[in-house]
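K.L.:
So here's my_file_37.tsv (TSV, C-alpha atoms and all ligand atoms).
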```tsv
chain	number	residue	atom	x	y	z
A	242	MET	CA	106.61	140.77	164.43
A	243	LYS	CA	108.10	137.61	163.00
A	244	THR	CA	104.65	136.30	162.11
A	245	ILE	CA	103.76	139.49	160.28
A	246	ILE	CA	106.93	139.34	158.17
A	247	THR	CA	106.37	135.72	157.39
A	248	THR	CA	102.78	136.39	156.42
A	249	SER	CA	103.57	139.33	154.15
A	250	LEU	CA	106.40	137.33	152.58
A	251	ALA	CA	104.01	134.49	151.96
A	252	VAL	CA	101.49	136.87	150.40
A	253	ALA	CA	104.17	138.41	148.20
A	254	LEU	CA	105.34	134.98	147.14
A	255	ALA	CA	101.83	133.80	146.41
A	256	MET	CA	101.19	136.93	144.36
A	257	SER	CA	104.34	136.54	142.35
A	258	VAL	CA	103.38	132.98	141.56
A	259	ALA	CA	99.81	133.92	140.72
A	260	LEU	CA	100.86	136.90	138.60
A	261	PRO	CA	104.13	135.95	136.99
A	262	ALA	CA	103.72	138.30	134.07
A	263	SER	CA	101.98	141.45	135.26
A	264	ALA	CA	104.35	141.86	138.19
A	265	GLN	CA	107.01	142.93	135.67
A	266	ILE	CA	104.80	145.06	133.46
A	267	SER	CA	104.21	148.77	134.06
A	268	ASP	CA	101.80	151.15	132.34
A	269	ARG	CA	103.56	152.54	129.30
A	270	THR	CA	102.81	154.82	126.37
A	271	ILE	CA	104.65	154.35	123.10
A	272	ARG	CA	104.43	156.94	120.34
A	273	ILE	CA	105.51	155.68	116.92
A	274	ALA	CA	106.64	158.18	114.29
A	275	ASN	CA	106.23	157.38	110.59
A	276	GLY	CA	106.76	159.17	107.32
A	277	VAL	CA	104.30	157.06	105.36
A	278	ALA	CA	100.50	157.24	105.27
A	279	GLU	CA	98.39	155.03	107.52
A	280	ASP	CA	97.19	152.84	104.63
A	281	HIS	CA	100.80	151.95	103.76
A	282	PRO	CA	101.69	148.34	104.77
A	283	VAL	CA	103.51	149.78	107.80
A	284	GLY	CA	99.97	150.40	109.10
A	285	ASP	CA	99.28	146.64	108.94
A	286	GLY	CA	102.53	145.98	110.76
A	287	VAL	CA	101.73	148.49	113.50
A	288	ASP	CA	98.25	146.95	113.92
A	289	ALA	CA	99.67	143.45	114.30
A	290	MET	CA	102.41	144.65	116.66
A	291	THR	CA	99.88	146.57	118.76
A	292	GLN	CA	97.55	143.58	119.05
A	293	CYS	CA	100.47	141.40	120.11
A	294	ILE	CA	101.50	143.97	122.74
A	295	ASN	CA	97.94	144.24	124.04
A	296	GLU	CA	97.76	140.50	124.52
A	297	ALA	CA	101.17	140.26	126.15
A	298	THR	CA	100.65	143.19	128.55
A	299	GLY	CA	96.97	142.69	129.30
A	300	GLY	CA	96.32	146.10	127.75
A	301	ALA	CA	98.73	147.97	130.05
A	302	TRP	CA	100.45	149.79	127.20
A	303	THR	CA	99.05	152.53	124.97
A	304	ILE	CA	100.42	152.56	121.42
A	305	ASN	CA	99.91	155.74	119.38
A	306	ALA	CA	101.12	155.86	115.79
A	307	PHE	CA	101.59	159.18	114.01
A	308	TRP	CA	101.56	159.12	110.20
A	309	SER	CA	102.79	161.23	107.27
A	310	SER	CA	105.74	162.80	109.13
A	311	SER	CA	103.37	164.49	111.64
A	312	LEU	CA	105.98	164.01	114.39
A	313	GLY	CA	108.84	165.03	112.09
A	314	ASP	CA	110.83	163.26	109.41
A	315	ASP	CA	112.79	160.02	109.84
A	316	LEU	CA	116.04	161.65	110.90
A	317	GLN	CA	114.46	164.19	113.26
A	318	SER	CA	112.45	161.41	114.89
A	319	ALA	CA	115.53	159.22	115.27
A	320	GLN	CA	117.33	162.12	116.96
A	321	SER	CA	114.39	162.49	119.37
A	322	LEU	CA	114.73	158.79	120.19
A	323	ARG	CA	118.41	159.27	120.95
A	324	SER	CA	117.66	162.02	123.44
A	325	GLY	CA	114.81	160.01	124.97
A	326	THR	CA	111.99	162.41	124.05
A	327	LEU	CA	110.22	160.00	121.66
A	328	GLU	CA	109.75	156.24	122.00
A	329	MET	CA	109.75	154.77	118.48
A	330	VAL	CA	110.25	155.45	114.79
A	331	ILE	CA	109.87	153.15	111.81
A	332	SER	CA	112.46	154.65	109.50
A	333	SER	CA	114.21	153.84	106.27
A	334	THR	CA	117.85	153.08	106.94
A	335	SER	CA	118.90	155.73	104.40
A	336	PRO	CA	118.40	158.98	106.39
A	337	LEU	CA	119.99	157.21	109.41
A	338	VAL	CA	123.31	157.13	107.57
A	339	ALA	CA	123.81	160.58	109.15
A	340	ILE	CA	123.89	158.74	112.51
A	341	GLU	CA	125.57	155.46	111.51
A	342	PRO	CA	127.49	155.65	108.19
A	343	ALA	CA	127.72	151.86	107.87
A	344	LEU	CA	123.94	151.73	107.24
A	345	GLY	CA	124.77	153.13	103.81
A	346	VAL	CA	125.46	149.53	102.82
A	347	PHE	CA	121.70	149.16	102.19
A	348	ASP	CA	121.77	152.10	99.76
A	349	LEU	CA	124.30	150.50	97.42
A	350	PRO	CA	122.66	150.29	93.98
A	351	PHE	CA	121.36	146.87	92.96
A	352	LEU	CA	122.69	145.21	96.13
A	353	LEU	CA	119.63	142.96	96.45
A	354	SER	CA	117.55	141.36	93.77
A	355	SER	CA	114.63	139.64	95.50
A	356	ALA	CA	112.50	139.88	98.63
A	357	GLN	CA	113.64	136.38	99.64
A	358	GLU	CA	117.24	137.52	99.49
A	359	ALA	CA	116.40	140.61	101.54
A	360	ASP	CA	114.66	138.53	104.24
A	361	ALA	CA	117.55	136.10	104.46
A	362	LEU	CA	120.09	138.91	104.74
A	363	LEU	CA	118.17	141.06	107.23
A	364	ASP	CA	116.90	138.26	109.46
A	365	GLY	CA	120.27	136.54	109.43
A	366	GLU	CA	123.70	137.24	110.82
A	367	PHE	CA	124.26	140.37	108.75
A	368	GLY	CA	121.05	141.99	109.99
A	369	THR	CA	122.13	141.33	113.57
A	370	TYR	CA	125.61	142.67	112.86
A	371	MET	CA	124.12	145.96	111.58
A	372	ALA	CA	121.55	146.18	114.40
A	373	ASP	CA	124.35	145.75	116.95
A	374	MET	CA	125.81	149.07	115.75
A	375	MET	CA	122.77	151.00	116.94
A	376	PRO	CA	122.97	150.94	120.78
A	377	GLN	CA	126.15	153.04	120.69
A	378	HIS	CA	123.94	155.73	119.11
A	379	ASN	CA	121.28	155.34	121.82
A	380	LEU	CA	119.00	153.39	119.48
A	381	VAL	CA	117.78	149.78	119.61
A	382	ASN	CA	116.58	148.05	116.43
A	383	LEU	CA	113.72	145.66	117.19
A	384	ALA	CA	113.25	144.28	113.65
A	385	TYR	CA	113.60	144.96	109.95
A	386	TRP	CA	110.39	145.63	108.08
A	387	GLU	CA	109.93	146.05	104.35
A	388	ASN	CA	110.08	149.31	102.47
A	389	GLY	CA	110.63	147.47	99.22
A	390	PHE	CA	112.28	147.72	95.84
A	391	ARG	CA	112.46	151.32	94.72
A	392	ASN	CA	111.24	152.50	91.32
A	393	LEU	CA	111.62	155.86	89.63
A	394	SER	CA	108.60	158.06	88.95
A	395	ASN	CA	108.74	161.34	87.02
A	396	SER	CA	106.83	163.90	85.00
A	397	VAL	CA	109.18	164.18	82.03
A	398	ARG	CA	109.42	160.93	80.04
A	399	PRO	CA	109.49	157.17	80.46
A	400	VAL	CA	112.95	156.04	81.54
A	401	GLU	CA	113.94	153.22	79.19
A	402	SER	CA	117.67	153.72	78.94
A	403	LEU	CA	120.60	155.30	80.75
A	404	GLU	CA	120.26	158.44	78.60
A	405	ASP	CA	116.70	159.00	79.78
A	406	PHE	CA	117.90	159.93	83.28
A	407	ASP	CA	119.73	162.89	81.83
A	408	GLY	CA	119.03	166.23	83.48
A	409	MET	CA	115.99	165.01	85.39
A	410	ARG	CA	115.52	166.86	88.70
A	411	VAL	CA	115.08	163.97	91.10
A	412	ARG	CA	114.57	163.95	94.83
A	413	VAL	CA	116.78	161.49	96.66
A	414	MET	CA	116.89	160.48	100.31
A	415	GLN	CA	119.32	162.45	102.42
A	416	ASN	CA	122.58	160.59	101.98
A	417	ASN	CA	125.67	160.66	99.80
A	418	ILE	CA	125.28	157.19	98.35
A	419	PHE	CA	121.90	157.97	96.80
A	420	LEU	CA	123.21	161.35	95.73
A	421	ASP	CA	126.25	159.75	94.07
A	422	THR	CA	124.11	157.08	92.38
A	423	PHE	CA	121.69	159.56	90.85
A	424	GLN	CA	124.33	162.09	89.90
A	425	THR	CA	126.25	159.29	88.19
A	426	LEU	CA	123.09	158.41	86.26
A	427	GLY	CA	123.10	161.95	84.94
A	428	THR	CA	120.25	163.41	86.97
A	429	ASN	CA	120.18	166.66	88.87
A	430	ALA	CA	119.68	165.08	92.31
A	431	THR	CA	118.40	166.92	95.39
A	432	PRO	CA	118.37	165.37	98.87
A	433	MET	CA	115.04	166.07	100.56
A	434	ALA	CA	113.01	164.75	103.49
A	435	PHE	CA	110.15	162.46	102.49
A	436	GLY	CA	107.45	164.75	103.89
A	437	GLU	CA	108.32	167.48	101.37
A	438	VAL	CA	108.24	165.28	98.27
A	439	PHE	CA	104.57	165.51	97.31
A	440	THR	CA	104.51	169.31	97.31
A	441	ALA	CA	107.85	169.54	95.50
A	442	LEU	CA	106.46	167.28	92.75
A	443	GLU	CA	103.16	169.14	92.67
A	444	THR	CA	104.74	172.58	92.31
A	445	GLY	CA	107.26	171.31	89.76
A	446	ALA	CA	110.24	172.14	91.97
A	447	ILE	CA	111.41	168.62	91.08
A	448	ASP	CA	110.49	166.22	88.26
A	449	ALA	CA	111.07	162.86	89.85
A	450	GLN	CA	111.35	160.73	92.97
A	451	GLU	CA	111.96	157.06	93.66
A	452	ASN	CA	110.06	154.77	96.02
A	453	PRO	CA	108.33	151.38	95.98
A	454	TYR	CA	104.92	151.06	94.28
A	455	VAL	CA	103.16	150.89	97.66
A	456	THR	CA	104.53	154.33	98.56
A	457	ILE	CA	103.85	155.88	95.14
A	458	ASP	CA	100.30	154.62	95.72
A	459	THR	CA	99.66	155.43	99.40
A	460	SER	CA	101.40	158.82	99.29
A	461	ARG	CA	99.42	159.62	96.12
A	462	PHE	CA	102.48	160.49	94.07
A	463	TYR	CA	100.60	159.11	91.05
A	464	GLU	CA	98.47	162.28	91.17
A	465	VAL	CA	101.51	164.43	90.38
A	466	GLN	CA	103.61	162.07	88.23
A	467	ASP	CA	103.12	160.83	84.65
A	468	TYR	CA	105.65	158.00	84.34
A	469	VAL	CA	106.85	155.15	86.53
A	470	SER	CA	109.79	153.02	85.41
A	471	ASN	CA	110.50	149.63	86.93
A	472	THR	CA	114.12	150.28	87.96
A	473	ARG	CA	114.29	148.26	91.21
A	474	HIS	CA	117.58	150.03	91.88
A	475	ALA	CA	117.59	149.59	95.66
A	476	TYR	CA	115.87	147.79	98.51
A	477	THR	CA	116.10	150.04	101.55
A	478	PRO	CA	114.67	148.32	104.62
A	479	PHE	CA	112.79	149.92	107.49
A	480	MET	CA	114.26	149.69	110.95
A	481	VAL	CA	111.82	149.52	113.85
A	482	LEU	CA	113.77	151.61	116.32
A	483	ILE	CA	113.15	152.32	119.99
A	484	SER	CA	114.87	154.93	122.11
A	485	LYS	CA	117.61	153.23	124.13
A	486	PRO	CA	117.30	155.58	127.15
A	487	ILE	CA	113.60	154.62	127.29
A	488	PHE	CA	114.20	150.94	126.48
A	489	ASP	CA	116.65	150.78	129.39
A	490	THR	CA	113.83	151.64	131.83
A	491	TYR	CA	111.84	148.56	130.67
A	492	SER	CA	112.03	145.29	132.58
A	493	GLN	CA	113.64	142.37	130.82
A	494	GLU	CA	110.23	140.90	130.25
A	495	GLU	CA	108.94	144.13	128.72
A	496	GLN	CA	111.97	144.32	126.44
A	497	GLN	CA	111.27	140.77	125.29
A	498	ILE	CA	107.66	141.70	124.51
A	499	LEU	CA	108.94	144.51	122.30
A	500	PHE	CA	111.29	142.22	120.39
A	501	ASP	CA	108.68	139.47	120.00
A	502	CYS	CA	105.87	141.78	118.92
A	503	ALA	CA	108.09	143.68	116.46
A	504	ILE	CA	108.67	140.29	114.79
A	505	VAL	CA	104.94	139.53	114.76
A	506	GLY	CA	104.47	142.98	113.20
A	507	ARG	CA	107.24	142.30	110.72
A	508	ASP	CA	105.65	139.16	109.38
A	509	ALA	CA	102.26	140.87	108.94
A	510	GLN	CA	103.91	143.95	107.44
A	511	ARG	CA	105.96	142.06	104.86
A	512	GLU	CA	102.96	139.99	103.86
A	513	ALA	CA	100.83	143.12	103.42
A	514	SER	CA	103.63	144.85	101.52
A	515	ARG	CA	103.96	142.01	99.05
A	516	ALA	CA	100.22	141.64	98.62
A	517	LEU	CA	99.68	145.37	98.16
A	518	SER	CA	102.52	145.87	95.69
A	519	ASP	CA	100.56	144.48	92.71
A	520	GLU	CA	97.39	146.28	93.79
A	521	SER	CA	99.32	149.52	94.08
A	522	LEU	CA	100.82	149.06	90.64
A	523	GLN	CA	97.34	148.55	89.24
A	524	ARG	CA	96.04	151.69	90.98
A	525	ILE	CA	98.96	153.68	89.53
A	526	ILE	CA	98.14	152.40	86.03
A	527	ASP	CA	94.42	153.06	86.54
A	528	ALA	CA	95.25	156.64	87.50
A	529	GLY	CA	96.63	157.12	83.99
A	530	VAL	CA	100.33	156.87	84.78
A	531	GLU	CA	102.43	155.20	82.08
A	532	VAL	CA	104.40	152.32	83.60
A	533	ASN	CA	107.29	150.73	81.75
A	534	ASP	CA	109.80	147.93	82.17
A	535	ILE	CA	113.39	148.42	81.11
A	536	SER	CA	115.05	145.97	78.71
A	537	ASP	CA	117.75	143.64	80.08
A	538	GLU	CA	120.23	145.35	77.83
A	539	ALA	CA	119.46	148.84	79.10
A	540	MET	CA	119.40	147.56	82.70
A	541	ALA	CA	122.89	146.11	82.24
A	542	GLU	CA	124.09	149.51	81.04
A	543	ILE	CA	122.50	151.28	84.00
A	544	ARG	CA	124.06	148.83	86.48
A	545	GLU	CA	127.42	149.23	84.83
A	546	ALA	CA	127.17	153.02	85.07
A	547	VAL	CA	126.66	152.99	88.87
A	548	ALA	CA	129.07	150.14	89.69
A	549	GLY	CA	131.69	152.66	90.81
A	550	VAL	CA	129.47	153.81	93.68
A	551	TYR	CA	130.57	150.71	95.66
A	552	GLU	CA	134.21	151.71	95.50
A	553	ARG	CA	133.53	155.36	96.21
A	554	SER	CA	131.34	154.55	99.25
A	555	ALA	CA	133.77	152.06	100.78
A	556	GLU	CA	135.38	154.63	103.02
A	557	SER	CA	132.16	155.94	104.55
A	558	ILE	CA	130.41	152.56	104.85
A	559	GLY	CA	133.53	150.62	105.77
A	560	ALA	CA	135.26	148.25	103.34
A	561	ASP	CA	134.82	145.44	105.88
A	562	VAL	CA	131.05	145.98	105.97
A	563	ILE	CA	130.82	145.80	102.17
A	564	GLU	CA	132.97	142.70	102.13
A	565	ARG	CA	130.79	141.14	104.79
A	566	VAL	CA	127.56	141.81	102.93
A	567	ASN	CA	129.03	140.40	99.72
A	568	THR	CA	130.16	137.24	101.51
A	569	GLU	CA	126.77	136.79	103.15
A	570	LEU	CA	124.93	137.40	99.88
A	571	ALA	CA	127.12	134.90	98.06
A	572	ALA	CA	126.20	132.31	100.70
A	573	ILE	CA	122.50	133.16	100.44
A	574	ARG	CA	122.69	132.85	96.65
A	575	GLY	CA	124.49	129.53	97.00
A	576	GLN	CA	127.56	130.74	95.13
B	601	LIG	C1	109.08	157.39	105.14
B	601	LIG	C2	110.37	157.15	104.38
B	601	LIG	C3	110.12	156.79	102.95
B	601	LIG	C4	111.42	156.54	102.23
B	601	LIG	C5	111.81	157.84	101.55
B	601	LIG	O1	109.39	158.05	106.29
B	601	LIG	O2	112.21	158.77	102.25
B	601	LIG	O3	111.72	157.93	100.33
B	601	LIG	O4	111.32	155.52	101.30
B	601	LIG	O5	109.23	155.75	102.86
B	601	LIG	O6	111.15	156.21	105.07
```
Show me this structure written as structure tokens.

P.N.:
Amino acid sequence: MKTIITTSLAVALAMSVALPASAQISDRTIRIANGVAEDHPVGDGVDAMTQCINEATGGAWTINAFWSSSLGDDLQSAQSLRSGTLEMVISSTSPLVAIEPALGVFDLPFLLSSAQEADALLDGEFGTYMADMMPQHNLVNLAYWENGFRNLSNSVRPVESLEDFDGMRVRVMQNNIFLDTFQTLGTNATPMAFGEVFTALETGAIDAQENPYVTIDTSRFYEVQDYVSNTRHAYTPFMVLISKPIFDTYSQEEQQILFDCAIVGRDAQREASRALSDESLQRIIDAGVEVNDISDEAMAEIREAVAGVYERSAESIGADVIERVNTELAAIRGQ
């Protein structure tokens, strides 16, 4: 009896030494929900993340991405994650404000002014501080990817001044900060899920929407819009979220693979996003859309008009969160 135990122990030990990794890795299937189209830079990020996972798990995991809101919109998907019926979503922070109001900090108009600033903020202490708010909602943020600087497109006129926003029927993401911003600019703003935007533009139910060039390109909004104005009014990041109830069933090693590969995906995704942005802009122009910049003077007026949004959002976001982001940004800007 004793010999048998000793032998099986020895075998188990030998195996655990020979197979240090696979012993902790189970077969898993991860479905990833997305609102964007597959040729959006998120597709490049998912490819890089998947390849990294394949290498780390020896192919034990199956990753299935679903595009163009085919598993539901950002908020619906995030709710499915919370109840443990879906594994992952790559979502803009904006619709998630319904779950965690502090995320509205990223919707504040003209908060960020460059991609470098965004990276430093999101990959630094502030990004961690915001991510740490998610587990209490049954969500785990693995990384921040790039959605990008948002620009206004419409079918009415080029927006060159504050007055040009007047009366435009614009779709905004579903939260009060975007609603406030666009109402303050004088538009008739309607919150709407991303998946409904193309049809609403096509049928003329709305005149305008706002998204980065890569989204105006890959979601083909240029087919149903005549003008794009370079407003860069917000940089709303993507969160790569995993369901916490599901994440909790993963071994520590598996959890680490998720974090590491989401970062590998992030780097590929941001690179693709920045490379595609100029190409997308060119495709939009080639499609016959009129693209315009806004003068510094007019931009200053637009910024001034929406400055009050910060004050009015302080209660929902949390004054401490706004103070924190301002402090962090001042440090990043070397002020
Ligand atoms: C895609 C969205 C989208 C966002 C929006 O699911 O809703 O306008 O910018 O890209 O996250």

K.L.:
Which residues, written as a short mmCIF file (atom, residue, chain, number, x, y, z; two decimals) with C-alpha atoms, keeping the file's coordinate frame, have at least one atom at most 9 Å from region 479-491 of chain A, with only C-alpha atoms counted and residues fewer than 6 positions away on the same chain left out?

P.N.:
```
data_model
loop_
_atom_site.label_atom_id
_atom_site.label_comp_id
_atom_site.auth_asym_id
_atom_site.auth_seq_id
_atom_site.Cartn_x
_atom_site.Cartn_y
_atom_site.Cartn_z
CA GLN A 265 107.01 142.93 135.67
CA ILE A 266 104.80 145.06 133.46
CA SER A 267 104.21 148.77 134.06
CA ILE A 273 105.51 155.68 116.92
CA ALA A 319 115.53 159.22 115.27
CA SER A 321 114.39 162.49 119.37
CA LEU A 322 114.73 158.79 120.19
CA ARG A 323 118.41 159.27 120.95
CA SER A 324 117.66 162.02 123.44
CA GLY A 325 114.81 160.01 124.97
CA THR A 326 111.99 162.41 124.05
CA LEU A 327 110.22 160.00 121.66
CA GLU A 328 109.75 156.24 122.00
CA MET A 329 109.75 154.77 118.48
CA VAL A 330 110.25 155.45 114.79
CA ILE A 331 109.87 153.15 111.81
CA SER A 332 112.46 154.65 109.50
CA SER A 333 114.21 153.84 106.27
CA THR A 334 117.85 153.08 106.94
CA SER A 335 118.90 155.73 104.40
CA ALA A 372 121.55 146.18 114.40
CA PRO A 376 122.97 150.94 120.78
CA HIS A 378 123.94 155.73 119.11
CA ASN A 379 121.28 155.34 121.82
CA LEU A 380 119.00 153.39 119.48
CA VAL A 381 117.78 149.78 119.61
CA ASN A 382 116.58 148.05 116.43
CA LEU A 383 113.72 145.66 117.19
CA ALA A 384 113.25 144.28 113.65
CA TYR A 385 113.60 144.96 109.95
CA TRP A 386 110.39 145.63 108.08
CA GLU A 387 109.93 146.05 104.35
CA ASN A 388 110.08 149.31 102.47
CA GLY A 389 110.63 147.47 99.22
CA ALA A 503 108.09 143.68 116.46
#
```

K.L.:
With only C-alpha atoms counted, which protein, DNA or RNA residues have an atom no more than 8 Å from (112.2, 150.2, 88.7) in the file frame? Please answer as an MDAnalysis selection string.

P.N.:
chainID A and resid 390:393 469:474 534:535

K.L.:
Would you export the selected residues with C-alpha atoms as an mmCIF file, in the coordinates of the input, please?

P.N.:
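The result, stored in result-v5.cif:
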```
data_model
loop_
_atom_site.group_PDB
_atom_site.id
_atom_site.type_symbol
_atom_site.label_atom_id
_atom_site.label_comp_id
_atom_site.auth_asym_id
_atom_site.auth_seq_id
_atom_site.Cartn_x
_atom_site.Cartn_y
_atom_site.Cartn_z
ATOM 1 C CA PHE A 390 112.280 147.720 95.840
ATOM 2 C CA ARG A 391 112.460 151.320 94.720
ATOM 3 C CA ASN A 392 111.240 152.500 91.320
ATOM 4 C CA LEU A 393 111.620 155.860 89.630
ATOM 5 C CA VAL A 469 106.850 155.150 86.530
ATOM 6 C CA SER A 470 109.790 153.020 85.410
ATOM 7 C CA ASN A 471 110.500 149.630 86.930
ATOM 8 C CA THR A 472 114.120 150.280 87.960
ATOM 9 C CA ARG A 473 114.290 148.260 91.210
ATOM 10 C CA HIS A 474 117.580 150.030 91.880
ATOM 11 C CA ASP A 534 109.800 147.930 82.170
ATOM 12 C CA ILE A 535 113.390 148.420 81.110
#
```

K.L.:
So that I can check the surroundings of Met540 (chain A), please list as a PyMOL selection string every protein, DNA and RNA residue that reaches within 9 Å of it, counting all atoms listed in the file and ignoring chain neighbours fewer than 2 positions away.

P.N.:
chain A and resi 401-403+472+535-538+542-545

K.L.:
Find the residue from A:Tyr476, A:Trp302, A:Phe367, A:Phe423 that sits nearest to ligand LIG 601 (chain B); use all atoms listed in the file when measuring.

P.N.:
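Ranked by minimum distance to ligand LIG 601 (chain B), first place goes to A:Tyr476.
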
K.L.:
In Å to one decimal, how far is CA of Leu499 (chain A) from CA of Asn295 (chain A)?

P.N.:
11.1 Å

K.L.:
At a cut-off of 10 Å around ligand LIG 601 (chain B), and using all atoms listed in the file, what residues come up? Please write them as a PyMOL selection string.

P.N.:
chain A and resi 274-278+281+283+308-310+313-316+318+330-337+387-391+412-415+432-438+450-453+455-457+460+476-480

K.L.:
Give as a list in words each residue that has an atom at most 10 Å from (127.2, 157.9, 112.6) in the file, counting only C-alpha atoms.

P.N.:
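The residues near that point, listed by chain and number, are Leu337, Val338, Ala339, Ile340, Glu341, Pro342, Ala343, Leu344, Met374, Met375, Gln377, His378, Ser557 and Ile558 of chain A.
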
K.L.:
Taking all listed atoms of region 520-532 of chain A, build the axis-aligned box, pad each of the six sides by 5 Å, then write its centre and edge lengths in Å to one decimal as lines of an AutoDock Vina configuration file.

P.N.:
```
center_x = 99.4
center_y = 151.7
center_z = 88.1
size_x = 20.0
size_y = 20.8
size_z = 22.0
```

K.L.:
Rank nothing, just name the residue among A:Gly575, A:Ser554, A:Gln317, A:Asn567 nearest to Leu352 (chain A), using all atoms listed in the file.

P.N.:
A:Asn567

K.L.:
When distances are computed from only C-alpha atoms, which of A:Ala359, A:Leu426, A:Ala572, A:Ala560 shows the smallest separation from Ala548 (chain A)?

P.N.:
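Closest residue, counting only C-alpha atoms: A:Leu426.
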
K.L.:
Please measure the separation of CA of Asp421 (chain A) and CA of Leu349 (chain A), giving the value in Å to one decimal.

P.N.:
10.0 Å

K.L.:
I'd like the neighbourhood of Thr428 (chain A) as an MDAnalysis selection string, where a residue qualifies if any of its atoms comes within 6 Å (using all atoms listed in the file), though same-chain residues fewer than 3 positions away should be ignored.

P.N.:
chainID A and resid 406:409 423:424

K.L.:
Of the candidates A:Val411, A:Leu570, A:Ala289, A:Met371, which one gets nearest to Ala509 (chain A) if we count all atoms listed in the file?

P.N.:
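Nearest to Ala509 (chain A): A:Ala289.
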
K.L.:
When you draw a straight line from CA of Glu531 (chain A) to CA of Tyr468 (chain A), how long is it in Å?

P.N.:
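One can read the CA of Glu531 (chain A) to CA of Tyr468 (chain A) distance as 4.8 Å.
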
K.L.:
Determine, counting all atoms listed in the file, which protein, DNA and RNA residues have an atom within 10 Å of an atom of Ile447 (chain A); residues of the same chain fewer than 4 positions away are not included. Present the result as a PyMOL selection string.

P.N.:
chain A and resi 395-396+409-412+429-431+438-443

K.L.:
For C-alpha atoms, I'd like the residues from the last selection saved as an mmCIF file, keeping the file's coordinate frame.

P.N.:
```cif
data_model
loop_
_atom_site.group_PDB
_atom_site.id
_atom_site.type_symbol
_atom_site.label_atom_id
_atom_site.label_comp_id
_atom_site.auth_asym_id
_atom_site.auth_seq_id
_atom_site.Cartn_x
_atom_site.Cartn_y
_atom_site.Cartn_z
ATOM 1 C CA ASN A 395 108.740 161.340 87.020
ATOM 2 C CA SER A 396 106.830 163.900 85.000
ATOM 3 C CA MET A 409 115.990 165.010 85.390
ATOM 4 C CA ARG A 410 115.520 166.860 88.700
ATOM 5 C CA VAL A 411 115.080 163.970 91.100
ATOM 6 C CA ARG A 412 114.570 163.950 94.830
ATOM 7 C CA ASN A 429 120.180 166.660 88.870
ATOM 8 C CA ALA A 430 119.680 165.080 92.310
ATOM 9 C CA THR A 431 118.400 166.920 95.390
ATOM 10 C CA VAL A 438 108.240 165.280 98.270
ATOM 11 C CA PHE A 439 104.570 165.510 97.310
ATOM 12 C CA THR A 440 104.510 169.310 97.310
ATOM 13 C CA ALA A 441 107.850 169.540 95.500
ATOM 14 C CA LEU A 442 106.460 167.280 92.750
ATOM 15 C CA GLU A 443 103.160 169.140 92.670
#
```

K.L.:
What's the 10 Å shell around Asp467 (chain A), counting only C-alpha atoms, without same-chain residues fewer than 6 positions away, as a ChimeraX atom specification?

P.N.:
/A:394-399,448-449,525-526,528-532

K.L.:
Find, counting all atoms listed in the file, the residue in A:Asp348, A:Asp364, A:Asp458, A:Glu296 that gets nearest to Ile498 (chain A).

P.N.:
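Of A:Asp348, A:Asp364, A:Asp458, A:Glu296, the one nearest Ile498 (chain A), counting all atoms listed in the file, is A:Glu296.
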
K.L.:
Pick from A:Asp373, A:Ile504, A:Pro350, A:Val550: nearest to Thr291 (chain A), with all atoms listed in the file counted?

P.N.:
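Going through A:Asp373, A:Ile504, A:Pro350, A:Val550 one by one, the smallest distance to Thr291 (chain A) is for A:Ile504.
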